[in-house]
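Shown here: final29.cif, mmCIF, C-alpha atoms and all ligand atoms.
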```cif
data_final
#
loop_
_atom_site.label_atom_id
_atom_site.label_comp_id
_atom_site.auth_asym_id
_atom_site.auth_seq_id
_atom_site.Cartn_x
_atom_site.Cartn_y
_atom_site.Cartn_z
CA MET A 26 -29.72 -46.61 40.91
CA LEU A 27 -31.27 -44.17 43.29
CA GLN A 28 -31.95 -41.57 40.61
CA VAL A 29 -33.84 -43.83 38.27
CA ASP A 30 -35.86 -45.11 41.22
CA SER A 31 -36.89 -41.61 42.24
CA LEU A 32 -37.75 -40.73 38.64
CA VAL A 33 -39.97 -43.83 38.43
CA ARG A 34 -41.63 -42.88 41.72
CA GLU A 35 -42.49 -39.48 40.23
CA LEU A 36 -43.94 -41.21 37.19
CA GLU A 37 -46.02 -43.45 39.44
CA ALA A 38 -47.38 -40.45 41.36
CA ARG A 39 -48.33 -38.79 38.09
CA PHE A 40 -50.00 -41.98 36.85
CA ASP A 41 -52.00 -42.28 40.07
CA ASP A 42 -53.13 -38.65 39.90
CA VAL A 43 -56.57 -39.52 38.48
CA ALA A 44 -57.91 -36.13 39.63
CA LEU A 45 -55.39 -34.48 37.26
CA ASP A 46 -53.97 -32.10 39.87
CA HIS A 47 -50.79 -31.84 37.79
CA VAL A 48 -52.87 -30.54 34.87
CA ARG A 49 -54.58 -28.09 37.23
CA ALA A 50 -51.14 -26.85 38.32
CA TRP A 51 -49.98 -26.42 34.72
CA LYS A 52 -53.10 -24.44 33.82
CA GLY A 53 -52.80 -22.24 36.88
CA ALA A 54 -49.20 -21.27 36.09
CA ALA A 55 -50.18 -18.81 33.32
CA PRO A 56 -53.40 -17.05 32.31
CA GLY A 57 -55.36 -18.32 29.30
CA ARG A 58 -54.08 -21.89 29.45
CA LEU A 59 -56.57 -24.60 28.53
CA ALA A 60 -56.59 -28.38 28.78
CA VAL A 61 -58.54 -30.58 26.38
CA GLY A 62 -59.23 -34.28 26.82
CA CYS A 63 -58.70 -36.66 23.90
CA MET A 64 -60.14 -40.15 23.65
CA PRO A 65 -58.19 -42.84 21.80
CA VAL A 66 -57.02 -43.10 19.14
CA PHE A 67 -56.97 -39.98 16.95
CA ALA A 68 -55.93 -36.84 18.77
CA PRO A 69 -55.07 -33.63 16.91
CA ARG A 70 -52.38 -32.82 19.46
CA GLU A 71 -50.61 -30.21 17.31
CA VAL A 72 -53.86 -28.28 16.84
CA LEU A 73 -54.67 -28.29 20.56
CA TRP A 74 -51.15 -27.35 21.61
CA ALA A 75 -51.06 -24.52 19.04
CA ALA A 76 -54.28 -23.14 20.52
CA GLY A 77 -52.73 -22.96 23.98
CA ALA A 78 -54.43 -26.14 25.19
CA LEU A 79 -52.61 -29.03 26.82
CA PRO A 80 -53.72 -32.26 25.11
CA VAL A 81 -54.73 -34.74 27.81
CA PHE A 82 -55.33 -38.32 26.69
CA VAL A 83 -58.23 -39.86 28.60
CA ARG A 84 -57.83 -43.64 28.57
CA GLY A 85 -60.26 -44.70 31.28
CA ALA A 86 -59.33 -45.09 34.92
CA GLY A 87 -57.89 -48.59 34.88
CA ASP A 88 -58.08 -50.18 38.31
CA ARG A 89 -57.41 -46.92 40.15
CA ILE A 90 -61.03 -46.11 41.04
CA GLU A 91 -64.12 -48.18 41.66
CA THR A 92 -66.67 -47.82 38.87
CA ILE A 93 -70.20 -47.57 40.25
CA ARG A 94 -72.31 -44.96 38.48
CA GLY A 95 -70.49 -45.41 35.16
CA ASP A 96 -71.70 -49.02 35.08
CA ALA A 97 -75.30 -47.84 35.05
CA TYR A 98 -74.83 -46.23 31.63
CA TYR A 99 -73.63 -49.30 29.72
CA GLN A 100 -74.67 -52.88 29.11
CA SER A 101 -72.53 -55.71 30.43
CA TYR A 102 -71.32 -56.65 26.93
CA ILE A 103 -69.55 -53.33 26.37
CA CYS A 104 -65.87 -52.78 27.14
CA HIS A 105 -64.94 -51.13 30.44
CA LEU A 106 -63.35 -47.92 29.18
CA PRO A 107 -66.51 -45.76 28.78
CA ARG A 108 -67.75 -46.73 32.26
CA SER A 109 -64.63 -45.64 34.11
CA THR A 110 -64.28 -42.53 31.93
CA LEU A 111 -67.82 -41.50 32.88
CA GLU A 112 -67.08 -42.31 36.51
CA LEU A 113 -64.08 -39.96 36.37
CA GLY A 114 -66.32 -37.25 34.94
CA LEU A 115 -69.12 -37.81 37.47
CA LEU A 116 -66.60 -37.67 40.32
CA GLY A 117 -65.47 -34.26 39.06
CA HIS A 118 -61.97 -35.49 38.24
CA LEU A 119 -62.19 -34.16 34.68
CA ASP A 120 -63.53 -30.73 35.66
CA VAL A 121 -60.11 -29.28 34.92
CA LEU A 122 -60.67 -30.00 31.23
CA ASP A 123 -62.14 -27.28 29.03
CA GLY A 124 -63.24 -29.69 26.35
CA MET A 125 -63.23 -33.26 25.09
CA VAL A 126 -62.43 -34.53 21.60
CA PHE A 127 -64.07 -37.80 20.60
CA PRO A 128 -62.76 -39.48 17.46
CA ASN A 129 -64.86 -41.99 15.56
CA THR A 130 -62.90 -44.97 16.86
CA CYS A 131 -65.85 -47.29 17.43
CA ASP A 132 -69.55 -47.36 18.32
CA VAL A 133 -68.71 -47.06 22.02
CA ILE A 134 -66.72 -43.84 21.75
CA ARG A 135 -69.26 -42.44 19.28
CA ASN A 136 -72.00 -43.10 21.82
CA LEU A 137 -69.90 -41.70 24.67
CA SER A 138 -69.56 -38.37 22.84
CA GLY A 139 -73.34 -37.98 22.95
CA VAL A 140 -73.54 -38.98 26.61
CA TRP A 141 -70.77 -36.50 27.39
CA HIS A 142 -72.49 -33.69 25.55
CA ALA A 143 -75.65 -34.24 27.59
CA THR A 144 -73.93 -34.82 30.94
CA PHE A 145 -71.18 -32.19 30.91
CA PRO A 146 -72.59 -29.16 29.05
CA GLN A 147 -69.76 -26.97 30.37
CA HIS A 148 -67.26 -28.83 28.13
CA LEU A 149 -66.62 -27.96 24.53
CA VAL A 150 -67.39 -31.38 23.05
CA ARG A 151 -66.15 -32.13 19.56
CA PHE A 152 -66.80 -35.35 17.65
CA ILE A 153 -64.28 -35.85 14.86
CA ASP A 154 -64.81 -38.43 12.18
CA PRO A 155 -61.43 -38.67 10.45
CA PRO A 156 -61.70 -39.90 6.87
CA GLN A 157 -60.00 -43.23 6.31
CA THR A 158 -57.96 -42.37 3.22
CA ALA A 159 -56.57 -39.25 1.55
CA GLU A 160 -58.56 -40.05 -1.61
CA PRO A 161 -60.62 -38.39 -2.85
CA ALA A 162 -59.04 -35.04 -2.07
CA SER A 163 -62.32 -33.89 -0.54
CA ALA A 164 -61.55 -36.22 2.41
CA ALA A 165 -58.52 -34.12 3.32
CA ALA A 166 -60.45 -30.91 2.72
CA TYR A 167 -63.18 -32.12 5.06
CA LEU A 168 -60.77 -32.99 7.89
CA ARG A 169 -58.94 -29.70 7.37
CA HIS A 170 -62.25 -27.89 7.78
CA GLU A 171 -63.04 -29.77 11.02
CA LEU A 172 -59.62 -29.17 12.57
CA SER A 173 -59.58 -25.51 11.52
CA ALA A 174 -62.93 -24.98 13.24
CA LEU A 175 -61.60 -26.66 16.40
CA PHE A 176 -58.47 -24.48 16.26
CA ARG A 177 -60.51 -21.28 15.92
CA ASP A 178 -62.92 -22.22 18.71
CA LEU A 179 -60.15 -23.08 21.15
CA CYS A 180 -58.16 -19.94 20.28
CA ALA A 181 -61.28 -17.87 20.99
CA ARG A 182 -61.34 -19.41 24.48
CA SER A 183 -57.63 -19.11 25.19
CA GLY A 184 -57.17 -15.66 23.65
CA VAL A 185 -54.44 -16.91 21.32
CA GLU A 186 -54.24 -15.60 17.74
CA PRO A 187 -55.02 -18.57 15.44
CA SER A 188 -52.03 -18.33 13.10
CA ALA A 189 -49.95 -20.61 10.89
CA ALA A 190 -46.92 -19.62 13.00
CA ARG A 191 -48.57 -21.11 16.11
CA LEU A 192 -49.26 -24.34 14.23
CA ARG A 193 -45.66 -24.54 12.98
CA ALA A 194 -44.31 -24.03 16.49
CA ALA A 195 -46.62 -26.75 17.83
CA ILE A 196 -45.51 -29.17 15.10
CA ALA A 197 -41.88 -28.47 16.07
CA ASP A 198 -42.66 -29.09 19.77
CA LEU A 199 -44.41 -32.39 19.01
CA ALA A 200 -41.51 -33.39 16.75
CA GLN A 201 -39.20 -33.15 19.80
CA ALA A 202 -41.43 -35.59 21.66
CA HIS A 203 -41.59 -37.95 18.67
CA ALA A 204 -37.79 -37.93 18.37
CA ALA A 205 -37.41 -38.75 22.07
CA ALA A 206 -40.01 -41.52 21.74
CA ARG A 207 -38.02 -43.03 18.88
CA GLU A 208 -34.85 -42.97 21.01
CA LEU A 209 -36.76 -44.65 23.83
CA ALA A 210 -38.01 -47.36 21.46
CA ILE A 211 -34.48 -48.01 20.17
CA ALA A 212 -33.05 -48.22 23.69
CA ARG A 213 -35.80 -50.64 24.76
CA ARG A 214 -35.21 -52.90 21.76
CA ALA A 215 -31.47 -52.89 22.49
CA GLU A 216 -31.60 -53.49 26.26
CA PRO A 217 -35.08 -54.49 27.45
CA TRP A 218 -33.54 -55.85 30.68
CA ASN A 219 -32.62 -52.25 31.59
CA LEU A 220 -35.91 -50.74 30.38
CA PRO A 221 -38.71 -52.94 31.76
CA ILE A 222 -42.20 -52.62 30.29
CA ASP A 223 -43.69 -51.27 33.51
CA GLU A 224 -41.31 -48.29 33.62
CA VAL A 225 -41.44 -47.62 29.88
CA TYR A 226 -45.23 -47.69 30.09
CA LEU A 227 -45.33 -45.21 32.98
CA LEU A 228 -43.01 -42.90 31.08
CA ARG A 229 -45.13 -43.05 27.94
CA ARG A 230 -48.32 -42.52 29.94
CA ALA A 231 -46.72 -39.34 31.33
CA ALA A 232 -46.76 -38.05 27.74
CA ASP A 233 -50.56 -38.26 27.91
CA SER A 234 -50.69 -35.05 29.91
CA MET A 235 -47.33 -33.26 29.71
CA PRO A 236 -46.16 -30.40 27.51
CA PRO A 237 -44.34 -32.20 24.66
CA PRO A 238 -40.90 -30.52 25.06
CA ALA A 239 -40.89 -31.26 28.81
CA TRP A 240 -41.75 -34.88 28.13
CA ALA A 241 -38.94 -35.16 25.57
CA GLU A 242 -36.44 -34.03 28.23
CA LEU A 243 -37.88 -36.43 30.79
CA ALA A 244 -37.71 -39.35 28.36
CA ARG A 245 -34.07 -38.67 27.54
CA ASP A 246 -33.22 -38.45 31.26
CA TYR A 247 -34.92 -41.78 31.87
CA VAL A 248 -33.17 -43.55 28.98
CA ALA A 249 -29.74 -42.33 30.14
CA LEU A 250 -30.37 -43.41 33.74
CA ALA A 251 -31.93 -46.75 32.82
CA LEU A 252 -29.14 -47.74 30.45
CA ALA A 253 -26.58 -46.87 33.13
CA ARG A 254 -28.00 -49.61 35.38
CA GLY A 255 -25.87 -52.17 33.61
CA ARG A 256 -28.15 -55.13 34.38
CA ARG A 257 -27.37 -58.47 32.76
CA PRO A 258 -29.88 -60.04 30.35
CA GLU A 259 -31.87 -63.05 31.56
CA ASP A 260 -32.98 -66.09 29.63
CA ARG A 261 -36.28 -64.71 28.37
CA ILE A 262 -37.91 -64.50 24.96
CA ARG A 263 -38.50 -61.19 23.19
CA VAL A 264 -42.13 -60.38 22.38
CA CYS A 265 -44.23 -57.69 20.71
CA LEU A 266 -47.36 -56.97 22.77
CA VAL A 267 -50.13 -55.87 20.40
CA GLY A 268 -53.89 -55.50 20.06
CA ALA A 269 -54.72 -53.18 22.95
CA PHE A 270 -54.41 -49.63 21.55
CA CYS A 271 -57.44 -48.26 23.46
CA GLU A 272 -58.57 -49.63 26.86
CA GLN A 273 -55.40 -50.13 28.84
CA PRO A 274 -54.35 -53.30 30.66
CA PRO A 275 -53.59 -52.98 34.39
CA ARG A 276 -49.91 -52.36 35.10
CA ALA A 277 -49.79 -55.57 37.10
CA LEU A 278 -50.65 -57.49 33.94
CA LEU A 279 -47.68 -55.94 32.13
CA ARG A 280 -45.41 -56.92 34.99
CA ALA A 281 -46.86 -60.46 35.00
CA VAL A 282 -46.02 -60.92 31.32
CA GLU A 283 -42.39 -60.00 31.84
CA ARG A 284 -42.08 -62.07 35.01
CA ALA A 285 -43.43 -65.05 33.09
CA GLY A 286 -40.27 -65.10 30.98
CA CYS A 287 -40.72 -62.40 28.33
CA TYR A 288 -39.08 -59.11 27.45
CA VAL A 289 -41.61 -56.78 25.81
CA VAL A 290 -39.55 -55.11 23.10
CA ASP A 291 -42.39 -53.33 21.28
CA ASP A 292 -46.08 -52.66 21.91
CA ASP A 293 -49.06 -50.74 20.56
CA LEU A 294 -50.59 -49.85 23.91
CA LEU A 295 -50.67 -46.13 23.22
CA VAL A 296 -51.72 -45.54 19.65
CA GLY A 297 -51.95 -41.81 19.05
CA LEU A 298 -48.73 -41.04 20.91
CA GLU A 299 -46.44 -43.15 18.78
CA PRO A 300 -43.77 -41.50 16.65
CA ASP A 301 -45.08 -43.24 13.53
CA GLY A 302 -48.66 -42.27 14.26
CA GLY A 303 -48.86 -39.78 11.40
CA GLU A 304 -46.35 -37.02 12.00
CA PRO A 305 -46.93 -33.88 9.94
CA ASP A 306 -44.20 -33.28 7.39
CA VAL A 307 -44.04 -29.54 7.05
CA THR A 308 -41.31 -27.79 5.13
CA GLY A 309 -40.81 -24.32 3.68
CA ASP A 310 -44.08 -22.53 3.08
CA ASP A 311 -46.28 -25.63 3.33
CA ASP A 312 -49.61 -24.98 4.96
CA PRO A 313 -49.17 -26.49 8.47
CA MET A 314 -52.83 -27.44 8.90
CA THR A 315 -52.76 -29.36 5.61
CA ALA A 316 -49.54 -31.07 6.76
CA ILE A 317 -51.27 -32.18 9.98
CA VAL A 318 -54.21 -33.57 8.02
CA LEU A 319 -52.05 -35.42 5.49
CA GLY A 320 -49.85 -36.75 8.28
CA TRP A 321 -52.85 -38.56 9.70
CA LEU A 322 -54.32 -39.64 6.37
CA ARG A 323 -51.13 -40.86 4.74
CA ALA A 324 -48.60 -41.62 7.42
CA SER A 325 -50.34 -43.14 10.40
CA ARG A 326 -49.82 -46.80 11.14
CA PRO A 327 -52.55 -49.19 9.97
CA SER A 328 -54.58 -50.34 12.95
CA ALA A 329 -57.93 -51.87 13.80
CA VAL A 330 -59.60 -48.49 13.32
CA ARG A 331 -57.94 -47.47 10.05
CA TYR A 332 -59.27 -48.66 6.71
CA ASP A 333 -56.55 -50.88 5.33
CA ARG A 334 -57.23 -51.08 1.63
CA ASP A 335 -53.96 -52.81 0.75
CA ALA A 336 -53.98 -55.18 3.74
CA GLN A 337 -50.84 -53.56 5.13
CA ALA A 338 -51.57 -54.26 8.81
CA GLY A 339 -50.36 -57.87 8.80
CA ARG A 340 -47.21 -57.06 6.85
CA ALA A 341 -46.58 -54.04 9.08
CA LEU A 342 -46.82 -56.28 12.15
CA VAL A 343 -44.34 -58.77 10.68
CA ALA A 344 -42.01 -55.85 9.91
CA ARG A 345 -42.28 -54.70 13.56
CA VAL A 346 -41.47 -58.20 14.75
CA ARG A 347 -38.38 -58.27 12.54
CA THR A 348 -37.25 -54.75 13.52
CA ALA A 349 -37.59 -55.62 17.19
CA ALA A 350 -35.88 -58.99 16.68
CA ALA A 351 -38.87 -60.46 18.53
CA ASP A 352 -39.34 -64.20 18.98
CA GLY A 353 -43.12 -63.95 18.96
CA VAL A 354 -46.26 -61.91 19.44
CA LEU A 355 -48.64 -61.64 22.40
CA PHE A 356 -52.12 -60.43 21.44
CA ALA A 357 -53.66 -58.69 24.44
CA ALA A 358 -57.09 -57.30 23.60
CA PRO A 359 -59.69 -55.60 25.80
CA SER A 360 -62.74 -57.80 26.41
CA PHE A 361 -65.69 -56.80 24.20
CA CYS A 362 -63.52 -54.58 22.00
CA ASP A 363 -64.87 -55.12 18.49
CA PRO A 364 -62.06 -53.35 16.60
CA ALA A 365 -59.33 -55.30 18.39
CA LEU A 366 -61.00 -58.69 18.30
CA LEU A 367 -62.20 -58.42 14.70
CA ASP A 368 -58.70 -57.42 13.65
CA GLN A 369 -56.94 -60.41 15.22
CA PRO A 370 -57.77 -63.16 12.68
CA ARG A 371 -56.34 -61.29 9.70
CA LEU A 372 -53.18 -60.48 11.66
CA THR A 373 -52.66 -64.01 12.93
CA ARG A 374 -53.12 -65.32 9.38
CA VAL A 375 -50.16 -63.24 8.19
CA LEU A 376 -48.07 -64.24 11.23
CA GLU A 377 -48.71 -67.91 10.41
CA GLN A 378 -47.62 -67.33 6.81
CA HIS A 379 -44.32 -65.94 8.15
CA ALA A 380 -43.93 -68.60 10.86
CA VAL A 381 -44.10 -66.06 13.70
CA PRO A 382 -45.34 -67.71 16.94
CA TYR A 383 -48.15 -65.98 18.83
CA THR A 384 -50.65 -66.44 21.61
CA ALA A 385 -53.67 -64.37 22.61
CA PHE A 386 -55.56 -63.41 25.75
CA LYS A 387 -58.15 -60.85 26.81
CA TYR A 388 -58.32 -58.50 29.76
CA ALA A 389 -60.36 -55.65 31.24
CA GLU A 390 -58.75 -52.50 32.61
CA ASN A 391 -59.81 -53.48 36.15
CA THR A 392 -58.87 -57.16 35.91
CA GLY A 393 -57.45 -58.26 39.26
CA GLN A 394 -56.38 -61.85 38.54
CA PHE A 395 -53.36 -62.51 36.38
CA GLN A 396 -52.41 -66.07 37.25
CA SER A 397 -53.91 -67.61 34.10
CA ILE A 398 -52.31 -64.95 31.89
CA ARG A 399 -48.99 -65.46 33.62
CA GLU A 400 -49.22 -69.22 33.05
CA GLN A 401 -50.16 -68.71 29.41
CA ALA A 402 -47.30 -66.27 28.78
CA GLY A 403 -44.90 -68.57 30.64
CA THR A 404 -45.95 -71.59 28.60
CA PHE A 405 -45.61 -69.56 25.41
CA ALA A 406 -42.10 -68.46 26.42
CA ASP A 407 -41.04 -72.03 27.24
CA SER A 408 -42.47 -73.36 23.97
CA VAL A 409 -40.64 -70.79 21.91
CA LYS A 410 -37.39 -71.48 23.77
CA LEU A 411 -37.72 -75.25 23.32
CA TRP A 412 -39.12 -75.55 19.84
CA GLY A 413 -39.03 -72.08 18.31
CA SER A 414 -42.83 -72.04 18.04
CA ALA A 415 -45.81 -71.99 20.37
S1 LIG B 1 -61.76 -50.68 24.00
FE1 LIG B 1 -62.43 -51.07 21.89
S2 LIG B 1 -64.66 -51.06 21.93
FE2 LIG B 1 -63.93 -50.09 23.83
S3 LIG B 1 -63.88 -47.90 23.38
FE3 LIG B 1 -61.85 -48.71 22.90
S4 LIG B 1 -61.89 -49.25 20.69
FE4 LIG B 1 -64.00 -48.98 21.41
#
```

Let me see the file written as structure tokens.
Amino acid sequence: MLQVDSLVRELEARFDDVALDHVRAWKGAAPGRLAVGCMPVFAPREVLWAAGALPVFVRGAGDRIETIRGDAYYQSYICHLPRSTLELGLLGHLDVLDGMVFPNTCDVIRNLSGVWHATFPQHLVRFIDPPQTAEPASAAAYLRHELSALFRDLCARSGVEPSAARLRAAIADLAQAHAAARELAIARRAEPWNLPIDEVYLLRRAADSMPPPAWAELARDYVALALARGRRPEDRIRVCLVGAFCEQPPRALLRAVERAGCYVVDDDLLVGLEPDGGEPDVTGDDDPMTAIVLGWLRASRPSAVRYDRDAQAGRALVARVRTAAADGVLFAAPSFCDPALLDQPRLTRVLEQHAVPYTAFKYAENTGQFQSIREQAGTFADSVKLWGSA
């Protein structure tokens, strides 16, 4: 399949473009265009896109650059993501961005927002503390106020009129991307042997910094080409890979998991981009900004950084396992990530209640050795095949 190979090569080139030259090219193609960085996991993409700004998820640098100066800012017992993100900034790779949005995901990202403000005064830096529930109503009113201020400030920079019509158009554009992402997820669950994790991951990472309608087209092209490969399934188990959602594992780790005898049929690597991450439901004359706010407060998937009053997260994970017809769960959490590692025990408790096998390992974005993880995933796969449990 020459075509799918060349499409994947393009995705690889985009992934390796840590200096964001492709974002620079997009901005330069029309006057007034902005680009705004978003840290995991809450990104008001509709608001940014409506203001004429390309939302650009910043998820650290992985193993693509050497982190030297970024290390000087953080203690050794902090995850790796803020170090490589700072390194990208200090190298000038994020100069193309006009601003950075920091959500209140954890202490580390909260701290990084302050460091960024002091280090890169040319950026519009916005710290957003999304309320955890829609009750009381003042929570929604507060978030609406914050996002409206961001919208106005960005529109003042881009020269765009801050209107409800712009917000509605942006919601419609993002809905195209969400629909394509759902189709991609369905195709992967149906034929993971034709849609390997490494390629699906590259494609979804492309959505980090592409105009949403263009990404939707790209995703549909990839699905059609990948399904046309007609590969035959191998004797592997089906797994959900969960627990990352912020600092990203190296691509080689994803490949190692599949080569160890697994098909990854679902994952939560890219929270914030997922189709069930809180899509605004706007109809008729609804106020689009309120729809965006309620989408996040009421519809987004429970995760380690969302207050989970009714303990939905465990049940939601079991439901994902069932939907994906998965044989088990691999927990892959970033080292020193408090949200991920504190979340694991309550999730594994629910998996045990439902007799879902699981295993867990940790990684850093610049991990270079995968042999032990490969052995662990391989042993897990063999155990599930032999006995139906790990
Ligand atoms: S990896 Fe975990 S601790 Fe580090 S920035 Fe992300 S959520 Fe915070």

Set out as CSV a contact list for chain A and ligand LIG 1 (chain B) with a cut-off of 12 Å, giving each residue of chain A that qualifies its closest atom pair and distance in Å to one decimal, counting all atoms listed in the file, ordered by chain and rising residue number.
```
residue,atom,partner,partner_atom,distance
A:Met64,CA,B:LIG1,S3,8.6
A:Pro65,CA,B:LIG1,FE3,7.0
A:Val66,CA,B:LIG1,S4,8.0
A:Phe67,CA,B:LIG1,S4,11.1
A:Val83,CA,B:LIG1,S3,11.1
A:Arg84,CA,B:LIG1,FE3,8.6
A:Gly85,CA,B:LIG1,S3,9.3
A:Gly87,CA,B:LIG1,S1,11.7
A:Tyr99,CA,B:LIG1,FE2,11.4
A:Tyr102,CA,B:LIG1,S2,10.0
A:Ile103,CA,B:LIG1,FE2,7.0
A:Cys104,CA,B:LIG1,FE2,4.7
A:His105,CA,B:LIG1,FE2,6.8
A:Leu106,CA,B:LIG1,FE2,5.8
A:Pro107,CA,B:LIG1,S3,6.4
A:Arg108,CA,B:LIG1,S3,9.8
A:Ser109,CA,B:LIG1,S3,11.0
A:Thr110,CA,B:LIG1,S3,10.1
A:Phe127,CA,B:LIG1,S3,10.5
A:Pro128,CA,B:LIG1,S4,10.3
A:Asn129,CA,B:LIG1,FE4,9.2
A:Thr130,CA,B:LIG1,S4,5.8
A:Cys131,CA,B:LIG1,FE4,4.7
A:Asp132,CA,B:LIG1,FE4,6.6
A:Val133,CA,B:LIG1,S3,5.1
A:Ile134,CA,B:LIG1,S3,5.2
A:Arg135,CA,B:LIG1,FE4,8.7
A:Asn136,CA,B:LIG1,S3,9.6
A:Leu137,CA,B:LIG1,S3,8.7
A:Ser138,CA,B:LIG1,S3,11.1
A:Gly268,CA,B:LIG1,FE1,9.8
A:Ala269,CA,B:LIG1,S1,7.5
A:Phe270,CA,B:LIG1,S4,7.5
A:Cys271,CA,B:LIG1,FE3,4.5
A:Glu272,CA,B:LIG1,S1,4.4
A:Gln273,CA,B:LIG1,S1,8.0
A:Pro274,CA,B:LIG1,S1,10.3
A:Leu294,CA,B:LIG1,S1,11.2
A:Leu295,CA,B:LIG1,FE3,11.5
A:Val296,CA,B:LIG1,S4,10.9
A:Ser328,CA,B:LIG1,S4,10.7
A:Ala329,CA,B:LIG1,S4,8.4
A:Val330,CA,B:LIG1,S4,7.8
A:Arg331,CA,B:LIG1,S4,11.5
A:Ala357,CA,B:LIG1,S1,11.4
A:Ala358,CA,B:LIG1,S1,8.1
A:Pro359,CA,B:LIG1,S1,5.6
A:Ser360,CA,B:LIG1,S1,7.6
A:Phe361,CA,B:LIG1,S2,6.3
A:Cys362,CA,B:LIG1,FE1,3.7
A:Asp363,CA,B:LIG1,S2,5.3
A:Pro364,CA,B:LIG1,FE1,5.8
A:Ala365,CA,B:LIG1,FE1,6.3
A:Leu366,CA,B:LIG1,FE1,8.5
A:Leu367,CA,B:LIG1,FE1,10.3
A:Asp368,CA,B:LIG1,FE1,11.1
A:Lys387,CA,B:LIG1,S1,11.2
A:Tyr388,CA,B:LIG1,S1,10.3
A:Ala389,CA,B:LIG1,S1,8.9
A:Glu390,CA,B:LIG1,S1,9.3
```

What is the CA of Glu37 (chain A) to CA of Gly393 (chain A) distance in Å?
18.7 Å

Pick the closest to Leu243 (chain A) from A:Ala55, A:Ala206, A:Cys265, A:Ala212: which is it, counting only C-alpha atoms?
A:Ala206

Of A:Pro313, A:Asn391, A:Ala44, A:Val81, the one sitting nearest Gly117 (chain A) when using only C-alpha atoms is A:Ala44

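Distances from A:Asp88, A:Glu224, A:Asp291, A:Asp123 to Glu35 (chain A) were compared using all atoms listed in the file, and the smallest one belongs to A:Glu224.
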
From the list A:Pro275, A:Pro69, A:Pro156, A:Gly255, which residue is nearest Ser173 (chain A) when using all atoms listed in the file?
A:Pro69

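Nearest to Gly139 (chain A) of all the residues A:Arg58, A:Arg326, A:Arg89, A:Arg151 is A:Arg151, based on only C-alpha atoms.
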
One-decimal distance in Å that lies between CA of Asp233 (chain A) and CA of Trp51 (chain A):
13.7 Å

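The protein and nucleic acid residues lying at most 12 Å from Arg374 (chain A) are Ala336, Ala338, Gly339, Arg340, Leu342, Val343, Asp368, Gln369, Pro370, Gln378, His379, Ala380, Val381, Pro382 and Tyr383 of chain A, with only C-alpha atoms considered and sequence neighbours fewer than 4 positions away removed.
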
Is there a way to get, as a PDB file with C-alpha atoms, in the coordinates of the input, all residues within 10 Å of the point (-44.0, -25.5, 15.8) in file coordinates, counting all atoms listed in the file?
```
ATOM      1  CA  GLU A  71     -50.610 -30.210  17.310  1.00  0.00           C
ATOM      2  CA  TRP A  74     -51.150 -27.350  21.610  1.00  0.00           C
ATOM      3  CA  ALA A  75     -51.060 -24.520  19.040  1.00  0.00           C
ATOM      4  CA  ALA A 189     -49.950 -20.610  10.890  1.00  0.00           C
ATOM      5  CA  ALA A 190     -46.920 -19.620  13.000  1.00  0.00           C
ATOM      6  CA  ARG A 191     -48.570 -21.110  16.110  1.00  0.00           C
ATOM      7  CA  LEU A 192     -49.260 -24.340  14.230  1.00  0.00           C
ATOM      8  CA  ARG A 193     -45.660 -24.540  12.980  1.00  0.00           C
ATOM      9  CA  ALA A 194     -44.310 -24.030  16.490  1.00  0.00           C
ATOM     10  CA  ALA A 195     -46.620 -26.750  17.830  1.00  0.00           C
ATOM     11  CA  ILE A 196     -45.510 -29.170  15.100  1.00  0.00           C
ATOM     12  CA  ALA A 197     -41.880 -28.470  16.070  1.00  0.00           C
ATOM     13  CA  ASP A 198     -42.660 -29.090  19.770  1.00  0.00           C
ATOM     14  CA  LEU A 199     -44.410 -32.390  19.010  1.00  0.00           C
ATOM     15  CA  ALA A 200     -41.510 -33.390  16.750  1.00  0.00           C
ATOM     16  CA  GLN A 201     -39.200 -33.150  19.800  1.00  0.00           C
ATOM     17  CA  VAL A 307     -44.040 -29.540   7.050  1.00  0.00           C
ATOM     18  CA  PRO A 313     -49.170 -26.490   8.470  1.00  0.00           C
TER      19      PRO A 313
END
```

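You will find CA of Phe145 (chain A) at 16.7 Å from CA of Ala97 (chain A).
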
Need the axis-aligned box for region 399-409 of chain A with 4 Å each side, so what are the centre and edges in Å to one decimal, as lines of an AutoDock Vina configuration file?
```
center_x = -45.4
center_y = -69.4
center_z = 27.8
size_x = 17.5
size_y = 15.9
size_z = 19.7
```

Exercise: region 411-413 of chain A partners within 9 Å, all atoms listed in the file, chain neighbours under 4 positions left out, as JSON, numbers by chain
{"A": [352, 382, 406, 407]}

Spatial neighbours of Glu283 (chain A), 12 Å, all atoms listed in the file, chain gap at least 6 places, as a PyMOL selection string:
chain A and resi 217-218+220-224+259-266+276-277+289-290+355+398-403+405-406

Nearest to Leu252 (chain A): which of A:Gln157, A:Val29, A:Ile317, A:Leu298 is it, counting all atoms listed in the file?
A:Val29

Skipping near chain neighbours, those fewer than 6 positions away, what residues fall within 8 Å of Gly77 (chain A) using all atoms listed in the file, listed as a VMD selection string?
chain A and resid 57 to 59 179 to 180 183 185

Those same residues, written as a PDB file, in the frame of the given file with C-alpha atoms?
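File produced: part.pdb:
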```pdb
ATOM      1  CA  GLY A  57     -55.360 -18.320  29.300  1.00  0.00           C
ATOM      2  CA  ARG A  58     -54.080 -21.890  29.450  1.00  0.00           C
ATOM      3  CA  LEU A  59     -56.570 -24.600  28.530  1.00  0.00           C
ATOM      4  CA  LEU A 179     -60.150 -23.080  21.150  1.00  0.00           C
ATOM      5  CA  CYS A 180     -58.160 -19.940  20.280  1.00  0.00           C
ATOM      6  CA  SER A 183     -57.630 -19.110  25.190  1.00  0.00           C
ATOM      7  CA  VAL A 185     -54.440 -16.910  21.320  1.00  0.00           C
TER       8      VAL A 185
END
```
